[in-house]
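Okay, structure first, notes after.
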Amino acid sequence: MQPRLRFAPSPTGQVHIGNIRTAIFNWLAARHMGGKFILRIEDTDLERSTKEAIDTLLECMNWLGLDYDEEVLYQTTQAQHHLDAAKKLIDDGNAYHPGPVSEHSPVYFRIPYCCDDYPFVRTVGPATIALASGSDVVVSGAGLTFTTLSPKGKPVENQACLAGFKDLAVLDADDKPLYELTDDNACALLSGGEPVTVSGAAKLKFIRREVFYDDMVKGHLSKPLDSMRDFIIVRSDGSPVFHLANVCDDITQNITLIVRGDDHVENTYRHLFMFRTLGAEPPSYAHLPMIVNAQGKPYSKRDGDAFVGDFRDKGVLPEALFNYLTLLGWSSGDNREKMTREELVEAFDLARVQHSPAQFDAVKMANLNGQYIAALDPAVFRERAWEFAAAYPWRESVDRAAFDRVANLMQSRTKLMTDLAAWTYFFAVPVDYDPKGVKKFLTPDQLRAALAKAAEKFDSIDENAKAVEDALRAVENGDGLSQFALNQPVRVAVCGVTVGASIYETVECIGVRECARRIRGALAATA
RNA sequence: GUCCCUAUCGUCUAGAGGCCUAGGACACCAGGUUUUCAUCCUGGUAACACGGGUUCGAAUCCCGUUGGGGAUGCCA
């Protein structure tokens with residue numbers, strides 16, 4: 001059967017990198033296996049799901065090249081299916097209204113008491129739980145309520161599903177049975193029998209069972225049934241809860257492999273039962289570790305910069321973000337880091353995904369981004385730079401050909417597309433001059449005199465880098481200055497800064513005559 | 001509190017009992033190339049959380065401790 005994977009986000013505002021990383025891993029896994037990658041939008045939270053949020057999501061996926069197969073499924077269109085499924089579960093005795101049945105009580109999913117033949121349930125063995133002495137135990141179709149003692153001796157209320165306590169015996173302090181849960185009275189309880197309250201209990205003795213499954217990234221995972229509870233699948237207002245909707249849609253969409261965040265492992269134990277009782281084969285699962293911030297903590301609103309849109313605005317290339325995110329929690333195993341999409345699809349393997357959270361490192365990502373920019377075909381870089389520069393007001397008055405020359409000159413020293421913000425001196429007289437640069441390069445009389453001569457030469461020389469270089473060398477020689485002594489003074493006078501590309505080519509880009517004017521202007525302004 | 005997961009340089013990671021005096025990348029430091037800066041090249045600092053076991057041999061397996069994360073919602 002062809003693998004079918006899905007990305008099922010809730011569109012509630014911005015797209016978080018943790019979220020999009022899940023999408024990327026799903027996409028990679030699907031493409032690697034030659035399976036389908038399906039997008040399902042879980043928009044059932046009417047309050048928070050907006051059209052804008054959906055558009056943002058779609059845009060992010062498009063920007064990152066996450067193409068999906070088949071039509072997008074909007075969860076709100078499936079409401080009837082969800083409710084039908086709930087009804088089936090109730091009819092089969094796998095779900096119930098607690099207490100007196102009413103229109104306005106929620107529906108609980110019941111972890112099935114008879115589940116020994118489920119392929120994902122196994123018997124662990126006999127177990128006992130010590131109770132707070134002389135406490136009450138309530139046994140009902142909705143499970144068990146009992147009181148234990150915390151290590152500090154405080155009484156703690158516990159609730160668990162009935163299925164967790166196969167062959168339960170409630171014992172008193174002398175190990176005398178106070179109550180026994182047989183298949184018969186379990187049946188009675190499950191079909192709506194009155195709850196039983198046992199007083200003076202001291203311990204619970206039962207056969208422990210556990211749910212288990214093989215996670216494609218985390219390996220063998222299990223959880224005892226007595227640590228689980230029945231859970232709500234339909235709210236009292238009649239709307240389906242995540243667990244119901246999510247599982248139903250996975251069934252209707254025939255999903256065979258679910259790749260999602262680590263925070264869902266606990267849900268998996270519940271969902272396994274839901275697939276089974278809904279008559280479906282459970283899919284395989286892979287749970288991805290979380291991405292945490294520079295403090296090693298989960299991203300919060302305060303971190304602010306963890307949204308895909310922010311990275312785009314900061315001048316990160318989509319292919320670089322994509323590549324960097326694959327490196328968070330995954331590695332090729334052969335020291336390759338900068339990899340093309342094709343190489344990633346080829347190498348991607350869920351089994352190589354890390355089990356523990358990974359910290360996002362903006363510096364390393366910027367470095368990767370720089371590598372991507374450096375490797376860009378110059379024509380492509382010019383185009384992207386031009387598009388990106390639309391964000392800056394100075395672009396309006398810039399001639400495209402002039403811009404392209406600057407782009408060619410600056411590509412190799414661009415790390416982030418936002419570095420273009422500093423290109424403004426190519427197109428306009430600098431507004432600010434670096435004070436240290438002025439002090440060092442525009443203040444000494446000897447340099448000022450030489451600069452004036454250079455400006456004079458600039459009035460008539462050819463408009464190319466070689467001529468600029470020759471002119472500067474000539475002035476230096478004539479004035480007894482050491483070679484290159486004029487480079488930085490010219491840079492400061494022309495660009496206002498002390499760092500940048502080759503000054504000869506920079507002058508050529510700006511225009512030799514224009515530079516002559518700027519030098520005189522700078523000299524006058526600092527006189 | 002309980003349950004589940006997890007632990008290699010500052011960070012991302014390689015590592016499936018001997019190839020490990022632990023490899024790569026980012027960052028950092030030093031040197032070199034260069035008309036400035038960046039790039040680039042060379043070299044360097046830096047890690048198996050701790051304690052027990054198992055074994056001829058453990059970063060790797062087991063147990064415990066500690067740290068971290070998650071779950072414990074009529075959120076998803």
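Each chain of the structure tokens is named A, B, ... in the order shown, its residues numbered from 1; ligands are numbered from 1 in display order.
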
Polymer residues at most 12 Å from C41 (chain B), only C-alpha atoms (C1' of nucleotides), same-chain spacing of 3 or more positions, as a PDB file with all heavy atoms, in the first residue's frame:
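As written to disk, around-v2.pdb reads:
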ATOM      1  P     G B  31      47.576  36.301  15.535  1.00  0.00           P
ATOM      2  OP1   G B  31      48.710  37.170  15.910  1.00  0.00           O
ATOM      3  OP2   G B  31      46.262  36.881  15.169  1.00  0.00           O
ATOM      4  O5'   G B  31      48.022  35.341  14.349  1.00  0.00           O
ATOM      5  C5'   G B  31      49.349  34.815  14.326  1.00  0.00           C
ATOM      6  C4'   G B  31      49.481  33.843  13.182  1.00  0.00           C
ATOM      7  O4'   G B  31      48.437  32.834  13.284  1.00  0.00           O
ATOM      8  C3'   G B  31      49.270  34.402  11.782  1.00  0.00           C
ATOM      9  O3'   G B  31      50.380  35.116  11.293  1.00  0.00           O
ATOM     10  C2'   G B  31      49.011  33.125  10.996  1.00  0.00           C
ATOM     11  O2'   G B  31      50.197  32.403  10.769  1.00  0.00           O
ATOM     12  C1'   G B  31      48.120  32.358  11.971  1.00  0.00           C
ATOM     13  N9    G B  31      46.709  32.628  11.694  1.00  0.00           N
ATOM     14  C8    G B  31      45.844  33.447  12.376  1.00  0.00           C
ATOM     15  N7    G B  31      44.650  33.478  11.829  1.00  0.00           N
ATOM     16  C5    G B  31      44.741  32.650  10.718  1.00  0.00           C
ATOM     17  C6    G B  31      43.783  32.290   9.728  1.00  0.00           C
ATOM     18  O6    G B  31      42.614  32.657   9.640  1.00  0.00           O
ATOM     19  N1    G B  31      44.315  31.436   8.789  1.00  0.00           N
ATOM     20  C2    G B  31      45.603  30.951   8.787  1.00  0.00           C
ATOM     21  N2    G B  31      45.928  30.125   7.781  1.00  0.00           N
ATOM     22  N3    G B  31      46.509  31.268   9.695  1.00  0.00           N
ATOM     23  C4    G B  31      46.012  32.114  10.625  1.00  0.00           C
ATOM     24  P     G B  32      50.170  36.245  10.184  1.00  0.00           P
ATOM     25  OP1   G B  32      51.485  36.868   9.936  1.00  0.00           O
ATOM     26  OP2   G B  32      49.020  37.077  10.574  1.00  0.00           O
ATOM     27  O5'   G B  32      49.760  35.383   8.900  1.00  0.00           O
ATOM     28  C5'   G B  32      50.726  34.506   8.310  1.00  0.00           C
ATOM     29  C4'   G B  32      50.106  33.811   7.131  1.00  0.00           C
ATOM     30  O4'   G B  32      48.951  33.041   7.566  1.00  0.00           O
ATOM     31  C3'   G B  32      49.524  34.725   6.056  1.00  0.00           C
ATOM     32  O3'   G B  32      50.523  35.235   5.195  1.00  0.00           O
ATOM     33  C2'   G B  32      48.583  33.770   5.340  1.00  0.00           C
ATOM     34  O2'   G B  32      49.285  32.878   4.492  1.00  0.00           O
ATOM     35  C1'   G B  32      47.998  32.989   6.519  1.00  0.00           C
ATOM     36  N9    G B  32      46.746  33.596   6.984  1.00  0.00           N
ATOM     37  C8    G B  32      46.541  34.364   8.091  1.00  0.00           C
ATOM     38  N7    G B  32      45.291  34.770   8.206  1.00  0.00           N
ATOM     39  C5    G B  32      44.658  34.225   7.105  1.00  0.00           C
ATOM     40  C6    G B  32      43.297  34.315   6.684  1.00  0.00           C
ATOM     41  O6    G B  32      42.360  34.910   7.219  1.00  0.00           O
ATOM     42  N1    G B  32      43.080  33.624   5.492  1.00  0.00           N
ATOM     43  C2    G B  32      44.037  32.926   4.807  1.00  0.00           C
ATOM     44  N2    G B  32      43.647  32.333   3.689  1.00  0.00           N
ATOM     45  N3    G B  32      45.304  32.833   5.188  1.00  0.00           N
ATOM     46  C4    G B  32      45.529  33.503   6.334  1.00  0.00           C
ATOM     47  P     U B  33      50.280  36.656   4.485  1.00  0.00           P
ATOM     48  OP1   U B  33      51.504  36.991   3.725  1.00  0.00           O
ATOM     49  OP2   U B  33      49.727  37.612   5.462  1.00  0.00           O
ATOM     50  O5'   U B  33      49.136  36.289   3.424  1.00  0.00           O
ATOM     51  C5'   U B  33      49.418  35.425   2.326  1.00  0.00           C
ATOM     52  C4'   U B  33      48.184  35.302   1.466  1.00  0.00           C
ATOM     53  O4'   U B  33      47.109  34.702   2.236  1.00  0.00           O
ATOM     54  C3'   U B  33      47.590  36.621   0.993  1.00  0.00           C
ATOM     55  O3'   U B  33      48.270  37.128  -0.144  1.00  0.00           O
ATOM     56  C2'   U B  33      46.156  36.222   0.682  1.00  0.00           C
ATOM     57  O2'   U B  33      46.060  35.562  -0.565  1.00  0.00           O
ATOM     58  C1'   U B  33      45.866  35.224   1.808  1.00  0.00           C
ATOM     59  N1    U B  33      45.204  35.876   2.957  1.00  0.00           N
ATOM     60  C2    U B  33      43.836  36.053   2.888  1.00  0.00           C
ATOM     61  O2    U B  33      43.167  35.697   1.931  1.00  0.00           O
ATOM     62  N3    U B  33      43.280  36.681   3.980  1.00  0.00           N
ATOM     63  C4    U B  33      43.940  37.132   5.096  1.00  0.00           C
ATOM     64  O4    U B  33      43.297  37.677   6.002  1.00  0.00           O
ATOM     65  C5    U B  33      45.361  36.907   5.091  1.00  0.00           C
ATOM     66  C6    U B  33      45.927  36.302   4.039  1.00  0.00           C
TER      67        U B  33
END

All helix (DSSP H, G or I) residues (DSSP, backbone) inside region 360-429 of chain A, as a PyMOL selection string: chain A and resi 362-375+378-389+393-397+400-413+417-426

Expected answer as a PDB file with N, CA and C atoms, in the first residue's frame: chain A residues within 6 Å of chain B, only C-alpha atoms (C1' of nucleotides):
ATOM      1  N   ARG A 235     -18.015  17.631  23.176  1.00  0.00           N
ATOM      2  CA  ARG A 235     -18.285  18.595  24.250  1.00  0.00           C
ATOM      3  C   ARG A 235     -19.776  18.652  24.557  1.00  0.00           C
ATOM      4  N   ASP A 263       4.651  16.305  21.643  1.00  0.00           N
ATOM      5  CA  ASP A 263       3.606  16.552  22.634  1.00  0.00           C
ATOM      6  C   ASP A 263       2.383  15.671  22.402  1.00  0.00           C
ATOM      7  N   ASN A 335      27.997  13.490   7.772  1.00  0.00           N
ATOM      8  CA  ASN A 335      28.597  14.824   7.884  1.00  0.00           C
ATOM      9  C   ASN A 335      28.130  15.826   6.841  1.00  0.00           C
ATOM     10  N   SER A 356      15.562  13.843  21.554  1.00  0.00           N
ATOM     11  CA  SER A 356      15.464  14.910  22.542  1.00  0.00           C
ATOM     12  C   SER A 356      15.394  16.272  21.852  1.00  0.00           C
ATOM     13  N   LYS A 364      23.930  29.914  13.397  1.00  0.00           N
ATOM     14  CA  LYS A 364      24.260  28.840  12.459  1.00  0.00           C
ATOM     15  C   LYS A 364      23.360  28.918  11.226  1.00  0.00           C
ATOM     16  N   ARG A 413      29.446  38.980  -0.175  1.00  0.00           N
ATOM     17  CA  ARG A 413      29.510  39.405   1.222  1.00  0.00           C
ATOM     18  C   ARG A 413      28.134  39.620   1.835  1.00  0.00           C
ATOM     19  N   PHE A 484      48.168  52.428  -1.181  1.00  0.00           N
ATOM     20  CA  PHE A 484      46.844  52.118  -0.611  1.00  0.00           C
ATOM     21  C   PHE A 484      46.410  53.072   0.498  1.00  0.00           C
ATOM     22  N   VAL A 499      33.972  49.782   5.949  1.00  0.00           N
ATOM     23  CA  VAL A 499      34.051  48.422   5.421  1.00  0.00           C
ATOM     24  C   VAL A 499      33.193  48.297   4.176  1.00  0.00           C
ATOM     25  N   GLY A 500      33.567  47.366   3.319  1.00  0.00           N
ATOM     26  CA  GLY A 500      32.790  47.149   2.123  1.00  0.00           C
ATOM     27  C   GLY A 500      33.593  46.411   1.084  1.00  0.00           C
TER      28      GLY A 500
END

Per-residue DSSP, region 134-336 of chain A, filtered to strand (DSSP E), as a PyMOL selection string: chain A and resi 134-140+143-149+155-160+166-171+177-180+196-215+219-224+231-234+257-261+284-288+291-292

Selected residue of minimal separation from Arg260 (chain A) among A:Ile129, A:Leu350, A:Leu225, A:Ala465, counting only C-alpha atoms: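 Once distances to Arg260 (chain A) are computed over only C-alpha atoms, the minimum belongs to A:Leu350.
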
Find the residues around Leu73 (chain A) up to 10 Å (only C-alpha atoms (C1' of nucleotides) counted), leave out those fewer than 6 positions away in its own chain, and share them as a PDB file with all heavy atoms, in the first residue's frame.
ATOM      1  N   ALA A   8      -1.387  18.345   9.577  1.00  0.00           N
ATOM      2  CA  ALA A   8      -2.730  18.755   9.993  1.00  0.00           C
ATOM      3  C   ALA A   8      -2.686  19.892  11.003  1.00  0.00           C
ATOM      4  O   ALA A   8      -2.949  19.701  12.180  1.00  0.00           O
ATOM      5  CB  ALA A   8      -3.470  17.547  10.574  1.00  0.00           C
ATOM      6  N   ILE A  38      -0.375  14.897   2.323  1.00  0.00           N
ATOM      7  CA  ILE A  38      -1.703  15.516   2.306  1.00  0.00           C
ATOM      8  C   ILE A  38      -1.798  16.637   3.322  1.00  0.00           C
ATOM      9  O   ILE A  38      -1.246  16.535   4.427  1.00  0.00           O
ATOM     10  CB  ILE A  38      -2.762  14.430   2.607  1.00  0.00           C
ATOM     11  CG1 ILE A  38      -2.760  13.408   1.463  1.00  0.00           C
ATOM     12  CG2 ILE A  38      -4.142  15.047   2.782  1.00  0.00           C
ATOM     13  CD1 ILE A  38      -3.348  12.085   1.832  1.00  0.00           C
ATOM     14  N   LEU A  39      -2.468  17.692   2.943  1.00  0.00           N
ATOM     15  CA  LEU A  39      -2.672  18.811   3.866  1.00  0.00           C
ATOM     16  C   LEU A  39      -4.105  18.811   4.367  1.00  0.00           C
ATOM     17  O   LEU A  39      -5.058  18.767   3.589  1.00  0.00           O
ATOM     18  CB  LEU A  39      -2.371  20.140   3.165  1.00  0.00           C
ATOM     19  CG  LEU A  39      -2.663  21.402   3.988  1.00  0.00           C
ATOM     20  CD1 LEU A  39      -1.797  21.452   5.239  1.00  0.00           C
ATOM     21  CD2 LEU A  39      -2.449  22.652   3.140  1.00  0.00           C
ATOM     22  N   ARG A  40      -4.227  18.792   5.671  1.00  0.00           N
ATOM     23  CA  ARG A  40      -5.564  18.884   6.273  1.00  0.00           C
ATOM     24  C   ARG A  40      -5.553  20.078   7.204  1.00  0.00           C
ATOM     25  O   ARG A  40      -4.648  20.215   8.036  1.00  0.00           O
ATOM     26  CB  ARG A  40      -5.886  17.622   7.064  1.00  0.00           C
ATOM     27  CG  ARG A  40      -7.229  17.732   7.787  1.00  0.00           C
ATOM     28  CD  ARG A  40      -7.699  16.413   8.300  1.00  0.00           C
ATOM     29  NE  ARG A  40      -7.081  16.027   9.558  1.00  0.00           N
ATOM     30  CZ  ARG A  40      -6.511  14.858   9.781  1.00  0.00           C
ATOM     31  NH1 ARG A  40      -6.436  13.949   8.838  1.00  0.00           N
ATOM     32  NH2 ARG A  40      -5.985  14.581  10.956  1.00  0.00           N
ATOM     33  N   ILE A  41      -6.511  20.925   7.064  1.00  0.00           N
ATOM     34  CA  ILE A  41      -6.552  22.103   7.918  1.00  0.00           C
ATOM     35  C   ILE A  41      -7.592  21.911   9.010  1.00  0.00           C
ATOM     36  O   ILE A  41      -8.785  21.793   8.736  1.00  0.00           O
ATOM     37  CB  ILE A  41      -6.813  23.363   7.069  1.00  0.00           C
ATOM     38  CG1 ILE A  41      -5.613  23.542   6.114  1.00  0.00           C
ATOM     39  CG2 ILE A  41      -7.002  24.572   7.961  1.00  0.00           C
ATOM     40  CD1 ILE A  41      -5.628  24.796   5.315  1.00  0.00           C
ATOM     41  N   GLU A  42      -7.119  21.847  10.234  1.00  0.00           N
ATOM     42  CA  GLU A  42      -8.015  21.596  11.354  1.00  0.00           C
ATOM     43  C   GLU A  42      -8.535  22.925  11.888  1.00  0.00           C
ATOM     44  O   GLU A  42      -8.017  23.487  12.844  1.00  0.00           O
ATOM     45  CB  GLU A  42      -7.284  20.776  12.423  1.00  0.00           C
ATOM     46  CG  GLU A  42      -6.713  19.487  11.830  1.00  0.00           C
ATOM     47  CD  GLU A  42      -6.607  18.341  12.812  1.00  0.00           C
ATOM     48  OE1 GLU A  42      -6.462  18.595  14.021  1.00  0.00           O
ATOM     49  OE2 GLU A  42      -6.677  17.181  12.362  1.00  0.00           O
ATOM     50  N   ASP A  43      -9.568  23.376  11.224  1.00  0.00           N
ATOM     51  CA  ASP A  43     -10.105  24.710  11.474  1.00  0.00           C
ATOM     52  C   ASP A  43     -11.352  24.691  12.343  1.00  0.00           C
ATOM     53  O   ASP A  43     -12.217  25.555  12.230  1.00  0.00           O
ATOM     54  CB  ASP A  43     -10.439  25.363  10.127  1.00  0.00           C
ATOM     55  CG  ASP A  43     -11.372  24.492   9.295  1.00  0.00           C
ATOM     56  OD1 ASP A  43     -11.569  23.319   9.667  1.00  0.00           O
ATOM     57  OD2 ASP A  43     -11.893  24.968   8.273  1.00  0.00           O
ATOM     58  N   ASP A 249     -10.731  11.876  10.791  1.00  0.00           N
ATOM     59  CA  ASP A 249     -10.192  12.372   9.527  1.00  0.00           C
ATOM     60  C   ASP A 249      -9.028  11.519   9.041  1.00  0.00           C
ATOM     61  O   ASP A 249      -8.868  11.298   7.847  1.00  0.00           O
ATOM     62  CB  ASP A 249      -9.745  13.829   9.676  1.00  0.00           C
ATOM     63  CG  ASP A 249     -10.933  14.761   9.908  1.00  0.00           C
ATOM     64  OD1 ASP A 249     -12.080  14.286   9.776  1.00  0.00           O
ATOM     65  OD2 ASP A 249     -10.704  15.937  10.228  1.00  0.00           O
ATOM     66  N   GLN A 253      -9.171   9.790   5.509  1.00  0.00           N
ATOM     67  CA  GLN A 253      -8.117  10.098   4.538  1.00  0.00           C
ATOM     68  C   GLN A 253      -7.131   8.945   4.377  1.00  0.00           C
ATOM     69  O   GLN A 253      -6.143   9.076   3.670  1.00  0.00           O
ATOM     70  CB  GLN A 253      -7.369  11.371   4.950  1.00  0.00           C
ATOM     71  CG  GLN A 253      -8.264  12.595   4.973  1.00  0.00           C
ATOM     72  CD  GLN A 253      -7.470  13.871   4.872  1.00  0.00           C
ATOM     73  OE1 GLN A 253      -7.356  14.479   3.813  1.00  0.00           O
ATOM     74  NE2 GLN A 253      -6.908  14.276   5.983  1.00  0.00           N
TER      75      GLN A 253
END

Spatial neighbours of Lys218 (chain A), max dist 9 Å, only C-alpha atoms (C1' of nucleotides), sep filter under 4 positions, as a list in words: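 With the cut-off at 9 Å, the set is Asp214, Ala286, His287, Leu288, Ala351, Val353, Gln354 and His355 of chain A; C5 of chain B.
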